[in-house]
$ cat structure.txt   # compact mmCIF, C-alpha atoms and all ligand atoms
# COMPACT_ATOMS: atom_id res chain seq x y z
CA PRO G 1 0.00 0.00 0.00
CA GLU G 2 1.03 3.60 -0.72
CA PRO G 3 2.35 5.69 2.22
CA GLY G 4 -0.40 7.82 3.75
CA THR G 5 -3.30 5.66 2.55
CA PRO G 6 -5.70 4.24 5.18
CA LEU G 7 -4.46 0.82 6.28
CA LEU G 8 -6.44 -0.15 9.36
CA ARG G 9 -9.81 1.20 10.43
CA VAL G 10 -11.47 0.49 13.76
CA GLU G 11 -15.09 1.61 13.93
CA HIS G 12 -17.10 1.70 17.15
CA ALA G 13 -15.34 -1.36 18.52
CA VAL G 14 -16.77 -2.85 21.71
CA LYS G 15 -15.34 -5.78 23.66
CA GLN G 16 -17.42 -6.98 26.53
CA PHE G 17 -16.28 -9.46 29.21
CA GLY G 18 -19.41 -10.23 31.22
CA GLY G 19 -20.54 -6.89 32.60
CA LEU G 20 -17.24 -5.14 31.79
CA LYS G 21 -16.79 -3.17 28.59
CA ALA G 22 -13.01 -3.51 28.30
CA VAL G 23 -13.22 -1.63 24.99
CA ASN G 24 -16.15 0.74 24.67
CA ASP G 25 -17.01 2.36 21.33
CA VAL G 26 -13.43 2.94 20.19
CA SER G 27 -12.75 4.24 16.68
CA PHE G 28 -9.42 5.16 15.09
CA GLU G 29 -7.53 4.86 11.85
CA LEU G 30 -3.97 3.93 11.01
CA ARG G 31 -2.34 5.15 7.80
CA THR G 32 0.33 3.31 5.87
CA GLY G 33 3.84 4.28 6.96
CA GLU G 34 3.02 5.87 10.29
CA ILE G 35 3.87 4.94 13.85
CA LEU G 36 0.78 5.23 16.03
CA GLY G 37 1.03 5.02 19.81
CA LEU G 38 -1.77 3.56 21.90
CA ILE G 39 -1.43 4.75 25.49
CA GLY G 40 -3.45 4.84 28.68
CA PRO G 41 -3.36 3.66 32.30
CA ASN G 42 -3.25 -0.02 33.26
CA GLY G 43 -6.57 -1.68 32.51
CA ALA G 44 -7.53 0.96 29.92
CA GLY G 45 -8.12 -1.73 27.28
CA LYS G 46 -4.98 -1.46 25.16
CA SER G 47 -4.09 -5.16 25.05
CA THR G 48 -7.75 -5.97 24.45
CA VAL G 49 -7.64 -3.72 21.37
CA PHE G 50 -4.62 -5.71 20.14
CA ASN G 51 -6.52 -8.94 20.70
CA LEU G 52 -9.47 -7.79 18.66
CA LEU G 53 -7.26 -6.55 15.83
CA THR G 54 -5.45 -9.88 15.65
CA GLY G 55 -8.44 -12.20 15.91
CA VAL G 56 -7.34 -13.55 19.29
CA ASN G 57 -10.50 -12.24 20.91
CA PRO G 58 -12.89 -10.71 18.34
CA ALA G 59 -14.95 -7.58 19.00
CA THR G 60 -18.40 -7.98 20.56
CA SER G 61 -19.64 -5.32 18.15
CA GLY G 62 -18.22 -2.74 15.79
CA ARG G 63 -15.98 -3.28 12.82
CA VAL G 64 -12.28 -3.69 12.05
CA SER G 65 -11.06 -3.38 8.49
CA PHE G 66 -7.56 -3.87 7.13
CA LEU G 67 -6.50 -3.26 3.54
CA GLU G 68 -10.16 -2.57 2.63
CA GLN G 69 -11.26 -5.96 3.98
CA ASP G 70 -13.56 -6.59 6.91
CA ILE G 71 -11.48 -8.62 9.38
CA THR G 72 -13.79 -8.28 12.40
CA ARG G 73 -14.61 -12.00 12.46
CA ARG G 74 -11.51 -13.42 10.76
CA SER G 75 -9.42 -15.99 12.60
CA ALA G 76 -6.00 -15.16 14.02
CA GLY G 77 -4.35 -17.22 11.27
CA GLN G 78 -6.23 -15.46 8.48
CA ILE G 79 -5.37 -12.04 9.88
CA HIS G 80 -1.72 -13.01 10.25
CA ARG G 81 -1.62 -14.15 6.62
CA LEU G 82 -3.19 -10.85 5.53
CA GLY G 83 -0.19 -9.06 7.04
CA ILE G 84 -0.66 -8.19 10.72
CA SER G 85 2.00 -9.50 13.12
CA ARG G 86 2.35 -8.80 16.81
CA THR G 87 4.53 -9.11 19.86
CA PHE G 88 3.10 -9.74 23.32
CA GLN G 89 3.21 -7.75 26.54
CA HIS G 90 5.10 -10.59 28.21
CA VAL G 91 8.02 -12.20 26.41
CA HIS G 92 6.76 -15.27 24.52
CA LEU G 93 10.04 -16.95 23.65
CA LEU G 94 11.11 -20.56 24.02
CA PRO G 95 14.30 -20.20 26.09
CA GLU G 96 15.61 -23.69 25.24
CA LEU G 97 15.52 -22.99 21.50
CA THR G 98 18.00 -20.94 19.49
CA LEU G 99 17.31 -17.43 18.25
CA LEU G 100 16.96 -18.88 14.77
CA GLU G 101 14.40 -21.49 15.87
CA ASN G 102 12.42 -18.91 17.83
CA THR G 103 12.41 -16.61 14.83
CA MET G 104 11.26 -19.43 12.54
CA MET G 105 8.20 -19.90 14.77
CA GLY G 106 6.93 -16.57 13.44
CA GLY G 107 6.58 -18.01 9.97
CA TYR G 108 4.55 -21.11 10.64
CA ALA G 109 1.17 -19.43 10.86
CA ARG G 110 1.74 -17.75 7.53
CA ALA G 111 3.36 -20.69 5.76
CA ARG G 112 0.61 -23.12 6.71
CA ALA G 113 -2.79 -23.11 8.30
CA GLY G 114 -2.19 -24.47 11.79
CA VAL G 115 0.88 -24.16 13.95
CA LEU G 116 0.77 -27.78 15.12
CA ARG G 117 0.19 -29.24 11.69
CA SER G 118 3.04 -27.23 10.25
CA MET G 119 5.43 -28.19 13.00
CA LEU G 120 4.73 -31.83 12.31
CA HIS G 121 4.61 -31.76 8.53
CA LEU G 122 6.81 -28.95 7.34
CA GLU G 123 8.49 -30.11 4.13
CA ARG G 124 12.27 -29.95 3.99
CA ASP G 125 12.37 -27.24 1.31
CA GLU G 126 9.79 -25.21 3.21
CA GLU G 127 11.89 -25.50 6.32
CA ALA G 128 14.99 -24.35 4.45
CA ALA G 129 13.12 -21.34 3.04
CA LEU G 130 11.81 -20.42 6.47
CA GLN G 131 15.27 -20.79 7.99
CA HIS G 132 16.68 -18.50 5.32
CA GLU G 133 13.98 -15.90 5.97
CA ALA G 134 14.46 -16.13 9.75
CA LEU G 135 18.21 -15.56 9.41
CA LYS G 136 17.53 -12.57 7.17
CA GLN G 137 15.24 -11.03 9.77
CA LEU G 138 17.72 -11.71 12.60
CA GLN G 139 20.36 -9.87 10.56
CA ARG G 140 17.89 -7.07 9.89
CA VAL G 141 17.41 -6.44 13.63
CA GLY G 142 21.12 -6.88 14.43
CA LEU G 143 21.01 -10.37 15.98
CA GLY G 144 22.42 -12.35 13.05
CA GLU G 145 25.66 -13.27 14.79
CA GLN G 146 23.77 -14.82 17.73
CA ALA G 147 21.46 -16.93 15.55
CA PHE G 148 22.64 -20.22 17.06
CA GLU G 149 22.70 -19.13 20.71
CA LEU G 150 19.87 -20.03 23.07
CA ALA G 151 17.17 -17.41 23.46
CA GLY G 152 17.13 -17.90 27.22
CA ASN G 153 20.71 -16.66 27.47
CA LEU G 154 19.95 -13.26 25.94
CA PRO G 155 19.56 -10.11 28.02
CA LEU G 156 15.94 -8.91 28.14
CA GLY G 157 16.57 -6.04 25.73
CA GLN G 158 17.69 -8.48 23.05
CA GLN G 159 14.84 -10.88 23.83
CA ARG G 160 12.47 -8.04 22.99
CA VAL G 161 14.33 -7.44 19.73
CA LEU G 162 14.18 -11.17 18.99
CA GLU G 163 10.40 -11.00 19.36
CA VAL G 164 10.38 -8.25 16.74
CA ALA G 165 12.44 -10.45 14.41
CA ARG G 166 9.98 -13.30 14.90
CA ALA G 167 7.07 -10.99 14.05
CA LEU G 168 8.92 -9.80 10.92
CA VAL G 169 9.34 -13.30 9.48
CA ALA G 170 5.76 -13.20 8.23
CA ASP G 171 6.66 -10.04 6.25
CA PRO G 172 3.93 -7.97 7.91
CA VAL G 173 2.41 -4.78 6.54
CA LEU G 174 1.44 -3.84 10.07
CA LEU G 175 3.42 -4.61 13.22
CA LEU G 176 1.71 -4.43 16.63
CA LEU G 177 4.04 -4.05 19.61
CA ASP G 178 2.66 -4.48 23.14
CA GLU G 179 4.97 -2.71 25.61
CA PRO G 180 8.20 -3.66 23.81
CA ALA G 181 10.36 -1.50 26.11
CA ALA G 182 9.01 -2.87 29.41
CA GLY G 183 11.90 -3.72 31.72
CA LEU G 184 14.58 -2.47 29.34
CA ARG G 185 17.56 -0.40 30.42
CA TYR G 186 18.13 3.06 28.98
CA GLY G 187 20.62 1.96 26.32
CA GLU G 188 18.42 -0.96 25.30
CA LYS G 189 15.47 1.41 24.86
CA ALA G 190 17.53 3.69 22.63
CA ALA G 191 18.51 0.71 20.46
CA LEU G 192 14.87 -0.39 20.21
CA VAL G 193 13.72 3.09 19.16
CA GLU G 194 16.40 3.20 16.50
CA LEU G 195 15.29 -0.21 15.19
CA LEU G 196 11.60 0.76 15.08
CA ARG G 197 12.38 4.00 13.22
CA ARG G 198 14.40 2.03 10.70
CA LEU G 199 11.60 -0.49 10.19
CA ARG G 200 9.14 2.35 9.63
CA ASP G 201 11.50 3.85 7.05
CA GLU G 202 11.62 0.44 5.38
CA GLY G 203 7.83 0.53 5.00
CA VAL G 204 6.49 -1.29 8.05
CA THR G 205 3.53 0.48 9.66
CA ILE G 206 3.64 0.25 13.47
CA LEU G 207 1.07 0.38 16.26
CA ILE G 208 2.77 0.49 19.64
CA VAL G 209 1.48 0.24 23.21
CA GLU G 210 4.11 1.63 25.56
CA HIS G 211 4.18 3.13 29.05
CA ASP G 212 7.46 5.01 28.75
CA MET G 213 6.14 8.45 27.80
CA ASP G 214 9.49 9.88 26.74
CA LEU G 215 10.03 6.93 24.43
CA VAL G 216 6.52 7.09 22.97
CA MET G 217 6.50 10.85 22.48
CA SER G 218 9.85 10.79 20.68
CA LEU G 219 8.91 7.85 18.46
CA VAL G 220 5.31 8.17 17.25
CA ASP G 221 3.63 10.31 14.63
CA ARG G 222 0.26 10.23 16.39
CA LEU G 223 -1.28 8.90 19.57
CA VAL G 224 -4.60 7.43 20.64
CA VAL G 225 -5.23 7.72 24.38
CA MET G 226 -7.56 5.27 26.14
CA ASN G 227 -9.06 5.37 29.62
CA TYR G 228 -11.58 2.91 31.10
CA GLY G 229 -12.11 1.29 27.71
CA GLU G 230 -12.91 4.53 25.93
CA LYS G 231 -10.91 6.73 23.58
CA LEU G 232 -10.05 9.82 25.57
CA ALA G 233 -8.05 11.73 22.99
CA GLU G 234 -6.19 11.48 19.71
CA GLY G 235 -3.55 13.64 18.07
CA ASP G 236 0.14 14.26 17.57
CA PRO G 237 2.41 14.21 20.64
CA ALA G 238 2.14 17.97 21.23
CA GLU G 239 -1.66 17.92 21.02
CA VAL G 240 -1.91 14.97 23.39
CA ARG G 241 0.52 16.50 25.90
CA GLY G 242 -1.59 19.66 25.91
CA ASN G 243 -4.93 17.87 26.26
CA ALA G 244 -6.50 18.70 29.65
CA ALA G 245 -8.45 15.42 29.96
CA VAL G 246 -5.30 13.39 29.21
CA ARG G 247 -3.23 15.30 31.73
CA GLU G 248 -5.82 14.70 34.41
CA ALA G 249 -6.56 11.03 33.68
CA TYR G 250 -3.16 9.78 32.75
CA LEU G 251 -0.22 12.04 33.11
CA GLY G 252 -1.52 12.97 36.58
CA VAL G 253 -0.70 16.67 36.33
P1 LIG G 301 -4.36 -2.66 29.30
O1 LIG G 301 -3.64 -3.49 28.29
O2 LIG G 301 -4.69 -1.29 28.83
O3 LIG G 301 -3.64 -2.60 30.63
P2 LIG G 301 -6.34 -4.76 29.14
O4 LIG G 301 -6.83 -4.65 27.76
O5 LIG G 301 -5.39 -5.84 29.45
O6 LIG G 301 -5.77 -3.34 29.62
O7 LIG G 301 -7.57 -4.92 30.13
C1 LIG G 301 -8.72 -4.07 30.07
C2 LIG G 301 -9.73 -4.58 31.05
O8 LIG G 301 -10.31 -5.79 30.56
C3 LIG G 301 -9.18 -4.88 32.43
O9 LIG G 301 -10.15 -4.54 33.40
C4 LIG G 301 -8.98 -6.39 32.37
O10 LIG G 301 -9.08 -6.96 33.65
C5 LIG G 301 -10.14 -6.83 31.49
N1 LIG G 301 -9.86 -8.05 30.71
C6 LIG G 301 -8.89 -8.20 29.80
N2 LIG G 301 -8.91 -9.42 29.25
C7 LIG G 301 -9.94 -10.07 29.84
C8 LIG G 301 -10.49 -11.40 29.73
N3 LIG G 301 -9.98 -12.28 28.85
N4 LIG G 301 -11.54 -11.71 30.52
C9 LIG G 301 -12.06 -10.81 31.39
N5 LIG G 301 -11.60 -9.56 31.54
C10 LIG G 301 -10.54 -9.19 30.80
MG MG G 302 -1.80 -4.40 28.35

$ encode --input "structure.txt" --output "structure tokens"
Amino acid sequence: PEPGTPLLRVEHAVKQFGGLKAVNDVSFELRTGEILGLIGPNGAGKSTVFNLLTGVNPATSGRVSFLEQDITRRSAGQIHRLGISRTFQHVHLLPELTLLENTMMGGYARARAGVLRSMLHLERDEEAALQHEALKQLQRVGLGEQAFELAGNLPLGQQRVLEVARALVADPVLLLLDEPAAGLRYGEKAALVELLRRLRDEGVTILIVEHDMDLVMSLVDRLVVMNYGEKLAEGDPAEVRGNAAVREAYLGV
């Protein structure tokens, strides 16, 4: 898709868990080539938004469209194959496997229908192709030289980067990052920001949930602010910083 064209559209999304509306009438748009931040206090509904965009936990009502297609009720595998990849709030790596093997995991859902079936029946040439792609993505994020080390031996900052590499194996149009800088040291955060900027410049559109305000404000083009399941505000970093409702609800000033 051309830079600046609408890529993802969320319209009046609601996600209800029993009596709780974890996401309540949220609408926003994401344009090709931008980095959009999704921020808000704990429990605001940010991860739930990710889950309804990725088919993990579909919306109760409302509509999600991606590349002009209605994906509201599509399965996680279908959405992944259409070009949306994600990382999780908590590191989802297999510590006993190598970086290369962990990265390859990101390709199974796209290469084949079901993760289990593919793990059992991946053809040898498919495996070689996936291995090649995984190595390419490890090199892209700067972890190529550690491809055969165990993921569990990496410092947290590099584990987060490894998760990005795994998400990139599927060649996503849109990358969703759920708190990728959580627990990282200052230098690790700087390296992550540099990587995300580079990926954006290479054409990957990014939606990021992140609590580190300095990091978010310096990285994103626009922000959507959530509170108690609702969209509280939207705008560029300066607009959001100056928004009275945001300052009260979130920034606490
Ligand atoms: P955030 O990521 O902004 O911290 P979440 O999206 O994780 O917030 O959670 C929003 C609200 O929805 C919270 O009150 C949380 O307890 C609730 N919630 C999230 N997932 C579920 C679930 N699977 N079942 C019931 N309640 C949930
Ligand atoms: Mg969350």

$ residues_around --input "structure.txt" --residues "Thr87 of chain G" --least-positions-apart "2" --cutoff "8 Å" --atoms "only C-alpha atoms" --output "list in words"
Ser85, Gln89, Glu163, Val164, Ala167, Leu176, Leu177, Asp178 and Pro180 of chain G

$ atom_distance --input "structure.txt" --atom1 "atom CA of Val56 of chain G" --atom2 "atom CA of Ile206 of chain G"
18.6 Å

$ residues_around --input "structure.txt" --residues "Gln137 of chain G" --least-positions-apart "4" --cutoff "12 Å" --atoms "all atoms listed in the file" --output "NGL selection string"
:G and (99-100 or 102-104 or 106-107 or 130-133 or 141-145 or 147 or 161-172 or 199)

$ residues_near_ligand --input "structure.txt" --ligand "ligand LIG 301 (chain G)" --cutoff "6 Å" --atoms "all atoms listed in the file" --output "number ranges by chain"
G: 17, 22, 42-48

$ write_last_selection --input "structure.txt" --atoms "C-alpha atoms" --output "compact mmCIF listing (two decimals), in the frame of the given file"
# COMPACT_ATOMS: atom_id res chain seq x y z
CA PHE G 17 -16.28 -9.46 29.21
CA ALA G 22 -13.01 -3.51 28.30
CA ASN G 42 -3.25 -0.02 33.26
CA GLY G 43 -6.57 -1.68 32.51
CA ALA G 44 -7.53 0.96 29.92
CA GLY G 45 -8.12 -1.73 27.28
CA LYS G 46 -4.98 -1.46 25.16
CA SER G 47 -4.09 -5.16 25.05
CA THR G 48 -7.75 -5.97 24.45

$ closest_residue --input "structure.txt" --among "G:Glu126, G:Glu68, G:Glu194, G:Glu29" --to "Glu234 of chain G" --atoms "only C-alpha atoms"
G:Glu29

$ atom_distance --input "structure.txt" --atom1 "atom CA of Val26 of chain G" --atom2 "atom CA of Gly235 of chain G"
14.7 Å

$ axis_aligned_box --input "structure.txt" --around "segment 43-47 of chain G" --padding-each-side "6 Å" --output "JSON"
{"center_x": -6.1, "center_y": -2.1, "center_z": 28.8, "size_x": 16.0, "size_y": 18.1, "size_z": 19.5}

$ residues_near_point --input "structure.txt" --point "(-0.7, -6.0, 14.6)" --cutoff "9 Å" --atoms "all atoms listed in the file" --output "MDAnalysis selection string"
chainID G and resid 50:51 53:54 79:80 83:87 172:177 206:208

$ residues_around --input "structure.txt" --residues "segment 212-218 of chain G" --least-positions-apart "4" --cutoff "9 Å" --atoms "only C-alpha atoms" --output "ChimeraX atom specification"
/G:37,39,179,181-182,189-190,193,208,222-223,236-238,241

$ write_last_selection --input "structure.txt" --atoms "C-alpha atoms" --output "mmCIF file, in the coordinates of the input"
data_model
loop_
_atom_site.group_PDB
_atom_site.id
_atom_site.type_symbol
_atom_site.label_atom_id
_atom_site.label_comp_id
_atom_site.auth_asym_id
_atom_site.auth_seq_id
_atom_site.Cartn_x
_atom_site.Cartn_y
_atom_site.Cartn_z
ATOM 1 C CA GLY G 37 1.030 5.020 19.810
ATOM 2 C CA ILE G 39 -1.430 4.750 25.490
ATOM 3 C CA GLU G 179 4.970 -2.710 25.610
ATOM 4 C CA ALA G 181 10.360 -1.500 26.110
ATOM 5 C CA ALA G 182 9.010 -2.870 29.410
ATOM 6 C CA LYS G 189 15.470 1.410 24.860
ATOM 7 C CA ALA G 190 17.530 3.690 22.630
ATOM 8 C CA VAL G 193 13.720 3.090 19.160
ATOM 9 C CA ILE G 208 2.770 0.490 19.640
ATOM 10 C CA ARG G 222 0.260 10.230 16.390
ATOM 11 C CA LEU G 223 -1.280 8.900 19.570
ATOM 12 C CA ASP G 236 0.140 14.260 17.570
ATOM 13 C CA PRO G 237 2.410 14.210 20.640
ATOM 14 C CA ALA G 238 2.140 17.970 21.230
ATOM 15 C CA ARG G 241 0.520 16.500 25.900
#

$ closest_residue --input "structure.txt" --among "G:Glu210, G:Glu230, G:Asp201, G:Glu2" --to "ligand MG 302 (chain G)" --atoms "all atoms listed in the file"
G:Glu210

$ closest_residue --input "structure.txt" --among "G:Met226, G:Leu154, G:Val246, G:Val240" --to "ligand MG 302 (chain G)" --atoms "only C-alpha atoms and all ligand atoms"
G:Met226

$ atom_distance --input "structure.txt" --atom1 "atom CA of Gly18 of chain G" --atom2 "atom CA of Leu36 of chain G"
29.6 Å

$ closest_residue --input "structure.txt" --among "G:Gln69, G:Thr32, G:Gln16, G:Gln146" --to "Leu52 of chain G" --atoms "only C-alpha atoms"
G:Gln16

$ residues_near_point --input "structure.txt" --point "(-3.9, 6.2, 8.2)" --cutoff "6 Å" --atoms "all atoms listed in the file" --output "ChimeraX atom specification"
/G:4-7,29-32

$ write_last_selection --input "structure.txt" --atoms "C-alpha atoms" --output "PDB file, keeping the file's coordinate frame"
ATOM      1  CA  GLY G   4      -0.400   7.820   3.750  1.00  0.00           C
ATOM      2  CA  THR G   5      -3.300   5.660   2.550  1.00  0.00           C
ATOM      3  CA  PRO G   6      -5.700   4.240   5.180  1.00  0.00           C
ATOM      4  CA  LEU G   7      -4.460   0.820   6.280  1.00  0.00           C
ATOM      5  CA  GLU G  29      -7.530   4.860  11.850  1.00  0.00           C
ATOM      6  CA  LEU G  30      -3.970   3.930  11.010  1.00  0.00           C
ATOM      7  CA  ARG G  31      -2.340   5.150   7.800  1.00  0.00           C
ATOM      8  CA  THR G  32       0.330   3.310   5.870  1.00  0.00           C
TER       9      THR G  32
END

$ closest_residue --input "structure.txt" --among "G:Ala191, G:Leu67, G:Ala244, G:Val49" --to "ligand MG 302 (chain G)" --atoms "all atoms listed in the file"
G:Val49

$ closest_residue --input "structure.txt" --among "G:Glu101, G:Val23, G:Leu93, G:Gly157" --to "Leu232 of chain G" --atoms "only C-alpha atoms"
G:Val23

$ residues_around --input "structure.txt" --residues "Val14 of chain G" --least-positions-apart "3" --cutoff "6 Å" --atoms "only C-alpha atoms" --output "number ranges by chain"
G: 23-25, 59-61
